[in-house]
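Novice: Supplied structure: coords.cif, mmCIF, C-alpha atoms.
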```cif
data_final
loop_
_atom_site.group_PDB
_atom_site.id
_atom_site.type_symbol
_atom_site.label_atom_id
_atom_site.label_comp_id
_atom_site.auth_asym_id
_atom_site.auth_seq_id
_atom_site.Cartn_x
_atom_site.Cartn_y
_atom_site.Cartn_z
ATOM 1 C CA MET A 27 78.492 85.595 105.607
ATOM 2 C CA LEU A 28 80.368 83.005 107.675
ATOM 3 C CA PRO A 29 79.087 82.186 111.169
ATOM 4 C CA PRO A 30 81.379 83.377 113.964
ATOM 5 C CA GLU A 31 83.954 80.942 115.378
ATOM 6 C CA ILE A 32 82.924 80.864 119.047
ATOM 7 C CA ILE A 33 85.806 80.087 121.438
ATOM 8 C CA PHE A 34 84.209 81.123 124.751
ATOM 9 C CA GLU A 35 80.649 81.700 125.915
ATOM 10 C CA ASP A 36 78.794 81.935 129.202
ATOM 11 C CA ASN A 37 75.720 83.881 130.357
ATOM 12 C CA HIS A 38 77.633 87.175 130.399
ATOM 13 C CA LEU A 39 80.337 87.117 127.717
ATOM 14 C CA ILE A 40 81.012 85.663 124.282
ATOM 15 C CA ALA A 41 84.381 85.544 122.518
ATOM 16 C CA ILE A 42 85.140 84.704 118.913
ATOM 17 C CA ASN A 43 88.241 83.977 116.879
ATOM 18 C CA LYS A 44 88.116 86.855 114.396
ATOM 19 C CA ARG A 45 89.176 86.016 110.862
ATOM 20 C CA PRO A 46 91.421 88.442 108.924
ATOM 21 C CA GLY A 47 89.282 90.842 106.913
ATOM 22 C CA GLU A 48 86.309 90.803 109.276
ATOM 23 C CA ILE A 49 85.434 94.155 110.838
ATOM 24 C CA SER A 50 84.729 94.600 114.535
ATOM 25 C CA GLN A 51 82.161 97.369 114.091
ATOM 26 C CA GLY A 52 80.563 99.285 111.225
ATOM 27 C CA ASP A 53 82.696 101.513 109.017
ATOM 28 C CA LYS A 54 82.454 103.391 105.720
ATOM 29 C CA THR A 55 82.625 100.123 103.707
ATOM 30 C CA ASN A 56 79.128 99.175 104.927
ATOM 31 C CA ASP A 57 80.329 95.576 105.279
ATOM 32 C CA VAL A 58 78.463 93.632 107.972
ATOM 33 C CA PRO A 59 80.418 94.059 111.236
ATOM 34 C CA LEU A 60 81.056 91.261 113.711
ATOM 35 C CA VAL A 61 78.921 92.909 116.372
ATOM 36 C CA GLU A 62 75.886 92.367 114.098
ATOM 37 C CA ILE A 63 76.957 88.817 113.188
ATOM 38 C CA VAL A 64 77.278 87.946 116.895
ATOM 39 C CA LYS A 65 73.844 89.460 117.610
ATOM 40 C CA GLN A 66 72.343 87.302 114.854
ATOM 41 C CA TYR A 67 74.113 84.216 116.230
ATOM 42 C CA LEU A 68 72.675 84.857 119.709
ATOM 43 C CA LYS A 69 69.228 85.582 118.289
ATOM 44 C CA ASP A 70 69.201 82.318 116.331
ATOM 45 C CA LYS A 71 70.770 80.142 119.041
ATOM 46 C CA TYR A 72 68.461 81.263 121.817
ATOM 47 C CA GLN A 73 65.461 81.996 119.556
ATOM 48 C CA LYS A 74 65.162 85.486 120.969
ATOM 49 C CA PRO A 75 62.465 87.823 119.644
ATOM 50 C CA GLY A 76 63.244 91.493 118.965
ATOM 51 C CA ASN A 77 66.632 93.108 119.443
ATOM 52 C CA VAL A 78 69.525 91.166 120.959
ATOM 53 C CA TYR A 79 72.262 92.829 123.026
ATOM 54 C CA ALA A 80 75.951 92.363 122.173
ATOM 55 C CA GLY A 81 78.450 94.944 123.375
ATOM 56 C CA LEU A 82 81.858 95.213 121.718
ATOM 57 C CA ILE A 83 84.501 95.406 124.462
ATOM 58 C CA HIS A 84 87.583 96.160 122.335
ATOM 59 C CA ARG A 85 88.613 96.244 118.668
ATOM 60 C CA ILE A 86 91.089 94.513 116.390
ATOM 61 C CA ASP A 87 92.317 96.019 113.113
ATOM 62 C CA ARG A 88 90.520 94.630 110.067
ATOM 63 C CA PRO A 89 93.516 92.704 108.585
ATOM 64 C CA VAL A 90 94.392 91.216 112.008
ATOM 65 C CA SER A 91 92.976 87.970 113.448
ATOM 66 C CA GLY A 92 92.347 86.604 116.931
ATOM 67 C CA VAL A 93 90.373 86.842 120.162
ATOM 68 C CA LEU A 94 87.576 89.398 120.162
ATOM 69 C CA ILE A 95 85.176 89.588 123.105
ATOM 70 C CA PHE A 96 81.623 90.903 123.469
ATOM 71 C CA SER A 97 79.355 91.333 126.482
ATOM 72 C CA LYS A 98 75.905 89.719 126.449
ATOM 73 C CA THR A 99 74.481 92.079 129.089
ATOM 74 C CA GLY A 100 74.816 95.776 129.838
ATOM 75 C CA LYS A 101 76.078 95.021 133.349
ATOM 76 C CA ALA A 102 78.884 92.780 132.065
ATOM 77 C CA GLY A 103 79.689 95.385 129.384
ATOM 78 C CA GLU A 104 80.086 98.223 131.889
ATOM 79 C CA ARG A 105 82.324 96.140 134.121
ATOM 80 C CA MET A 106 84.417 94.881 131.206
ATOM 81 C CA SER A 107 84.888 98.462 129.985
ATOM 82 C CA LYS A 108 86.249 99.360 133.429
ATOM 83 C CA ILE A 109 88.582 96.341 133.334
ATOM 84 C CA VAL A 110 89.939 97.551 129.978
ATOM 85 C CA ARG A 111 90.308 101.155 131.229
ATOM 86 C CA ASP A 112 92.132 99.938 134.338
ATOM 87 C CA ARG A 113 94.488 97.918 132.116
ATOM 88 C CA ALA A 114 93.513 94.720 133.916
ATOM 89 C CA PHE A 115 92.904 93.175 130.493
ATOM 90 C CA LYS A 116 96.086 91.368 129.389
ATOM 91 C CA LYS A 117 96.454 90.859 125.659
ATOM 92 C CA THR A 118 99.068 88.628 124.079
ATOM 93 C CA TYR A 119 99.713 88.842 120.336
ATOM 94 C CA TRP A 120 101.749 86.767 117.906
ATOM 95 C CA ALA A 121 103.474 88.529 115.012
ATOM 96 C CA ILE A 122 105.323 86.966 112.082
ATOM 97 C CA VAL A 123 108.117 89.314 111.006
ATOM 98 C CA LYS A 124 110.626 89.247 108.192
ATOM 99 C CA ASN A 125 113.737 90.437 110.021
ATOM 100 C CA LYS A 126 115.010 89.099 113.322
ATOM 101 C CA PRO A 127 115.144 91.929 115.899
ATOM 102 C CA GLU A 128 118.618 92.779 117.204
ATOM 103 C CA GLN A 129 117.528 91.646 120.661
ATOM 104 C CA GLU A 130 115.526 88.455 121.086
ATOM 105 C CA SER A 131 113.571 90.038 123.941
ATOM 106 C CA ALA A 132 113.071 93.742 124.663
ATOM 107 C CA THR A 133 110.685 96.451 125.790
ATOM 108 C CA LEU A 134 110.009 99.130 123.180
ATOM 109 C CA VAL A 135 108.998 102.673 124.103
ATOM 110 C CA HIS A 136 107.978 105.093 121.351
ATOM 111 C CA HIS A 137 105.766 108.122 120.901
ATOM 112 C CA LEU A 138 103.100 107.454 118.283
ATOM 113 C CA LEU A 139 101.556 110.190 116.182
ATOM 114 C CA LYS A 140 98.469 109.175 114.206
ATOM 115 C CA ASN A 141 97.925 110.563 110.712
ATOM 116 C CA GLU A 142 94.140 110.443 110.263
ATOM 117 C CA ARG A 143 94.235 110.978 106.499
ATOM 118 C CA MET A 144 96.655 108.082 105.959
ATOM 119 C CA ASN A 145 95.153 105.966 108.786
ATOM 120 C CA LYS A 146 98.708 105.328 109.909
ATOM 121 C CA SER A 147 100.745 105.899 113.060
ATOM 122 C CA PHE A 148 104.332 107.144 113.028
ATOM 123 C CA ALA A 149 106.714 106.202 115.845
ATOM 124 C CA TYR A 150 109.242 108.651 117.284
ATOM 125 C CA ALA A 151 111.890 108.308 119.962
ATOM 126 C CA GLU A 152 110.836 111.593 121.611
ATOM 127 C CA LYS A 153 107.462 113.229 122.189
ATOM 128 C CA LYS A 154 106.251 115.070 119.109
ATOM 129 C CA GLY A 155 103.134 117.267 119.059
ATOM 130 C CA ASP A 156 100.089 115.280 120.163
ATOM 131 C CA SER A 157 101.933 111.961 120.117
ATOM 132 C CA LYS A 158 101.070 109.330 122.729
ATOM 133 C CA GLU A 159 103.485 107.061 124.539
ATOM 134 C CA ALA A 160 103.386 103.459 123.315
ATOM 135 C CA ILE A 161 105.010 100.608 125.243
ATOM 136 C CA LEU A 162 105.236 96.935 124.345
ATOM 137 C CA HIS A 163 107.364 93.942 125.272
ATOM 138 C CA TYR A 164 108.275 91.304 122.700
ATOM 139 C CA GLN A 165 110.057 87.975 122.778
ATOM 140 C CA LEU A 166 111.258 85.758 119.936
ATOM 141 C CA ILE A 167 109.530 82.385 120.382
ATOM 142 C CA ALA A 168 110.218 80.595 117.070
ATOM 143 C CA SER A 169 112.203 80.902 113.837
ATOM 144 C CA SER A 170 111.816 79.392 110.382
ATOM 145 C CA ASP A 171 114.091 79.613 107.358
ATOM 146 C CA ARG A 172 112.454 82.889 106.234
ATOM 147 C CA TYR A 173 110.483 84.372 109.138
ATOM 148 C CA PHE A 174 110.500 84.958 112.884
ATOM 149 C CA LEU A 175 107.603 84.610 115.329
ATOM 150 C CA LEU A 176 107.391 87.174 118.114
ATOM 151 C CA GLU A 177 105.137 87.040 121.160
ATOM 152 C CA VAL A 178 104.070 90.596 121.935
ATOM 153 C CA ASP A 179 102.663 92.013 125.162
ATOM 154 C CA PRO A 180 101.387 95.569 124.550
ATOM 155 C CA LYS A 181 101.378 97.678 127.707
ATOM 156 C CA THR A 182 99.367 100.476 126.053
ATOM 157 C CA GLY A 183 96.605 100.373 123.454
ATOM 158 C CA ARG A 184 97.549 102.839 120.726
ATOM 159 C CA HIS A 185 96.440 102.962 117.084
ATOM 160 C CA HIS A 186 98.407 100.376 115.043
ATOM 161 C CA GLN A 187 100.862 100.211 117.938
ATOM 162 C CA ILE A 188 102.377 96.771 117.350
ATOM 163 C CA ARG A 189 102.562 97.254 113.593
ATOM 164 C CA ALA A 190 104.246 100.664 113.876
ATOM 165 C CA GLN A 191 106.652 99.803 116.692
ATOM 166 C CA LEU A 192 107.923 96.559 115.156
ATOM 167 C CA ALA A 193 108.376 98.277 111.784
ATOM 168 C CA THR A 194 110.373 101.030 113.490
ATOM 169 C CA ILE A 195 112.945 98.521 114.795
ATOM 170 C CA GLY A 196 113.280 97.041 111.292
ATOM 171 C CA SER A 197 110.953 94.051 111.758
ATOM 172 C CA PRO A 198 107.784 94.805 109.771
ATOM 173 C CA ILE A 199 104.970 92.266 110.064
ATOM 174 C CA LYS A 200 104.488 89.873 107.146
ATOM 175 C CA GLY A 201 101.975 91.251 104.648
ATOM 176 C CA ASP A 202 101.859 94.721 106.209
ATOM 177 C CA LEU A 203 102.457 96.964 103.187
ATOM 178 C CA LYS A 204 101.414 100.043 105.183
ATOM 179 C CA TYR A 205 104.319 99.560 107.578
ATOM 180 C CA GLY A 206 107.058 98.507 105.193
ATOM 181 C CA PHE A 207 106.665 94.836 104.310
ATOM 182 C CA ASP A 208 107.531 94.318 100.655
ATOM 183 C CA ARG A 209 104.475 92.321 99.511
ATOM 184 C CA SER A 210 100.940 91.661 100.640
ATOM 185 C CA ASN A 211 99.476 88.388 101.890
ATOM 186 C CA LYS A 212 97.150 86.758 99.342
ATOM 187 C CA ASP A 213 94.078 87.329 101.519
ATOM 188 C CA GLY A 214 94.972 90.945 102.351
ATOM 189 C CA SER A 215 95.725 90.050 105.974
ATOM 190 C CA VAL A 216 98.716 91.043 108.042
ATOM 191 C CA SER A 217 100.331 88.231 110.030
ATOM 192 C CA LEU A 218 99.420 89.634 113.426
ATOM 193 C CA HIS A 219 97.190 87.507 115.659
ATOM 194 C CA ALA A 220 95.535 88.290 119.006
ATOM 195 C CA ARG A 221 96.547 84.999 120.612
ATOM 196 C CA GLN A 222 95.232 85.336 124.160
ATOM 197 C CA LEU A 223 93.174 87.436 126.569
ATOM 198 C CA GLU A 224 93.434 87.242 130.360
ATOM 199 C CA PHE A 225 91.175 89.044 132.844
ATOM 200 C CA ILE A 226 89.052 88.565 135.943
ATOM 201 C CA HIS A 227 85.464 87.715 135.030
ATOM 202 C CA PRO A 228 83.282 90.809 135.595
ATOM 203 C CA ILE A 229 80.456 88.870 137.295
ATOM 204 C CA LYS A 230 81.948 85.603 138.583
ATOM 205 C CA ASN A 231 85.201 87.236 139.775
ATOM 206 C CA GLU A 232 87.214 84.269 138.494
ATOM 207 C CA PRO A 233 90.315 84.297 136.243
ATOM 208 C CA VAL A 234 89.502 83.846 132.558
ATOM 209 C CA ILE A 235 92.031 82.914 129.871
ATOM 210 C CA ILE A 236 90.816 82.759 126.258
ATOM 211 C CA THR A 237 93.165 81.470 123.552
ATOM 212 C CA ALA A 238 92.635 81.551 119.779
ATOM 213 C CA ASN A 239 94.514 79.541 117.173
ATOM 214 C CA PRO A 240 95.998 81.530 114.275
ATOM 215 C CA PRO A 241 94.492 81.324 110.781
ATOM 216 C CA VAL A 242 94.984 78.169 108.706
ATOM 217 C CA ASP A 243 97.802 79.280 106.438
ATOM 218 C CA PRO A 244 101.092 77.613 105.402
ATOM 219 C CA VAL A 245 103.343 79.983 107.384
ATOM 220 C CA TRP A 246 101.162 80.012 110.504
ATOM 221 C CA ASN A 247 100.824 76.206 110.246
ATOM 222 C CA ALA A 248 104.615 75.839 110.051
ATOM 223 C CA PHE A 249 105.091 77.936 113.202
ATOM 224 C CA MET A 250 102.412 75.960 115.078
ATOM 225 C CA GLU A 251 104.323 72.795 114.162
ATOM 226 C CA ILE A 252 107.650 74.302 115.305
ATOM 227 C CA LEU A 253 106.099 75.385 118.616
ATOM 228 C CA GLY A 254 104.517 71.947 119.058
ATOM 229 C CA GLN A 255 107.901 70.293 118.586
ATOM 230 C CA LYS A 256 109.562 72.714 121.046
ATOM 231 C CA ASN A 257 106.876 72.102 123.680
ATOM 232 C CA ASN A 258 106.722 68.330 123.148
ATOM 233 C CA PRO A 259 110.233 67.152 122.246
ATOM 234 C CA LYS A 260 110.570 63.445 121.463
#
```
Turn the structure described in the file into structure tokens.
Specialist:
Amino acid sequence: MLPPEIIFEDNHLIAINKRPGEISQGDKTNDVPLVEIVKQYLKDKYQKPGNVYAGLIHRIDRPVSGVLIFSKTGKAGERMSKIVRDRAFKKTYWAIVKNKPEQESATLVHHLLKNERMNKSFAYAEKKGDSKEAILHYQLIASSDRYFLLEVDPKTGRHHQIRAQLATIGSPIKGDLKYGFDRSNKDGSVSLHARQLEFIHPIKNEPVIITANPPVDPVWNAFMEILGQKNNPK
């Protein structure tokens, strides 16, 4: 069991850079979830006796990587939950896709219908049954010889939203067999990364921006190099 990669911590909150394959909270696999790993980290670091509190604020799909935040106190947890409900919790994702979208920047609006048995969401142009509206904005930020890197700003938080919506416009995420990519990544991940979280601190009332680097992987590494060259031209 690998120790968590801590990228932010104060007296109220702790954020980690979730690795692909790690689970946010317990599921039917009985694999150790990150909420328990974070509790153990806090227990060991601060030599706390008895139970340690760590509240999961939001979730990330198992094959996805990136910023995941926990509260260290009940008070911070309640306030963070309200921030999430009020949509004052800005998430930015990076997605590596195989096909360049027709438009380099666009807002997508679909109606997503979740199939529980398949654990998959289907996107429709019009409302269908119990479907829920899903909105995201994307922008092409880098290209390589085989793939395209999109920065995605989801405006709603639906099941598999980014994966389903990008697949629907013909740009499935690398490694995402469930949503139409032709082969899996070696580690079972999908190349979707929760790059950044922005919110107002629930106790200090100050802006917080937490950024996580993508996994160490040849394709991600190549895009980080391309972005570095774009941002720091010689």
Novice: Quick one: apply the PyMOL selection byres ((chain A and resi 67-79) around 8) to the file and drop the selected residues here as a list in words.
Specialist: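 Given this file, the PyMOL selection byres ((chain A and resi 67-79) around 8) evaluates to Pro29, Pro30, Ile63, Val64, Lys65, Gln66, Ala80, Gly81, Lys98, Thr99 and Gly100 of chain A.
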Novice: Residues of the last selection are to be written out with C-alpha atoms, as a PDB file, in the coordinates of the input.
Specialist:
```
ATOM      1  CA  PRO A  29      79.087  82.186 111.169  1.00  0.00           C
ATOM      2  CA  PRO A  30      81.379  83.377 113.964  1.00  0.00           C
ATOM      3  CA  ILE A  63      76.957  88.817 113.188  1.00  0.00           C
ATOM      4  CA  VAL A  64      77.278  87.946 116.895  1.00  0.00           C
ATOM      5  CA  LYS A  65      73.844  89.460 117.610  1.00  0.00           C
ATOM      6  CA  GLN A  66      72.343  87.302 114.854  1.00  0.00           C
ATOM      7  CA  ALA A  80      75.951  92.363 122.173  1.00  0.00           C
ATOM      8  CA  GLY A  81      78.450  94.944 123.375  1.00  0.00           C
ATOM      9  CA  LYS A  98      75.905  89.719 126.449  1.00  0.00           C
ATOM     10  CA  THR A  99      74.481  92.079 129.089  1.00  0.00           C
ATOM     11  CA  GLY A 100      74.816  95.776 129.838  1.00  0.00           C
TER      12      GLY A 100
END
```
Novice: Kindly indicate which residue among A:Asp112, A:Val234, A:Lys101, A:His185 lies nearest to Lys140 of chain A, using all atoms listed in the file for the distances.
Specialist: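 Closest candidate: A:His185.
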Novice: May I ask for the distance between atom CA of His84 of chain A and atom CA of Ile229 of chain A, given in Å to one decimal place?
Specialist: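 Interatomic distance here is 18.1 Å.
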Novice: Spell out the residues picked by the PyMOL selection byres ((chain A and resi 128) around 12) here, as a list in words.
Specialist: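 Listing what the PyMOL selection byres ((chain A and resi 128) around 12) selects in the shown file: Asn125, Lys126, Pro127, Gln129, Glu130, Ser131, Ala132, Tyr164, Gln165, Leu166, Leu192, Ile195, Gly196 and Ser197 of chain A.
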Novice: When you count all atoms listed in the file, which of these residues is closest to Ser170 of chain A: A:Gly52, A:Pro233, A:Pro244, A:Gly183?
Specialist: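 Distance minimum relative to Ser170 of chain A lands on A:Pro244.
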Novice: Let me know the residues the PyMOL selection byres ((chain A and resi 225) around 10) catches in the file above, as a PyMOL selection string.
Specialist: chain A and resi 106+109-110+113-117+223-224+226-228+231-236
Novice: Mind giving me the straight-line distance from atom CA of Ser97 of chain A to atom CA of His38 of chain A in Å, one decimal?
Specialist: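 Value for the atom CA of Ser97 of chain A-atom CA of His38 of chain A distance: 6.0 Å.
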Novice: For Leu203 of chain A, which of A:Arg221, A:His136, A:Arg189, A:Arg143 is the closest residue, counting only C-alpha atoms?
Specialist: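 Result for the nearest residue to Leu203 of chain A: A:Arg189.
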Novice: Interatomic distance between atom CA of Ile95 of chain A and atom CA of Ile42 of chain A?
Specialist: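 According to the coordinates, atom CA of Ile95 of chain A and atom CA of Ile42 of chain A are separated by 6.4 Å.
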Novice: Find the residue from A:Ala168, A:Ile188, A:Ala121, A:Leu175 that sits nearest to Lys256 of chain A; use all atoms listed in the file when measuring.
Specialist: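 Of A:Ala168, A:Ile188, A:Ala121, A:Leu175, the one nearest Lys256 of chain A, counting all atoms listed in the file, is A:Ala168.
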Novice: Kindly indicate which residue among A:Ile199, A:Val245, A:Ile86, A:Ala190 lies nearest to Pro46 of chain A, using all atoms listed in the file for the distances.
Specialist: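 Between A:Ile199, A:Val245, A:Ile86, A:Ala190, the residue approaching Pro46 of chain A most closely is A:Ile86.
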Novice: Name the closest residue to Val178 of chain A among the candidates A:Ile40, A:Ala238, A:Leu134, A:Ala102; distances are taken between atoms, counting only C-alpha atoms.
Specialist: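 Of all the options, A:Leu134 lies closest to Val178 of chain A.
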Novice: For His137 of chain A, please output as a VMD selection string all residues within 9 Å (counting only C-alpha atoms; exclusion window: fewer than 4 positions along the same chain).
Specialist: chain A and resid 148 to 154 157 to 161
Novice: Using all atoms listed in the file, collect all residues at a distance of at most 6 Å from (95.8, 92.7, 106.6) as written in the file, then present them as a list in words.
Specialist: Pro89, Val90, Gly214, Ser215 and Val216 of chain A
Novice: Skip Ile122 of chain A itself and residues of its chain fewer than 4 positions away, then list as a VMD selection string all residues within 8 Å of it, counting only C-alpha atoms.
Specialist: chain A and resid 173 to 176 199 to 200 217 to 218
Novice: Skip Pro59 of chain A itself and residues of its chain fewer than 2 positions away, then list as a ChimeraX atom specification all residues within 6 Å of it, counting all atoms listed in the file.
Specialist: /A:49-52,61-62
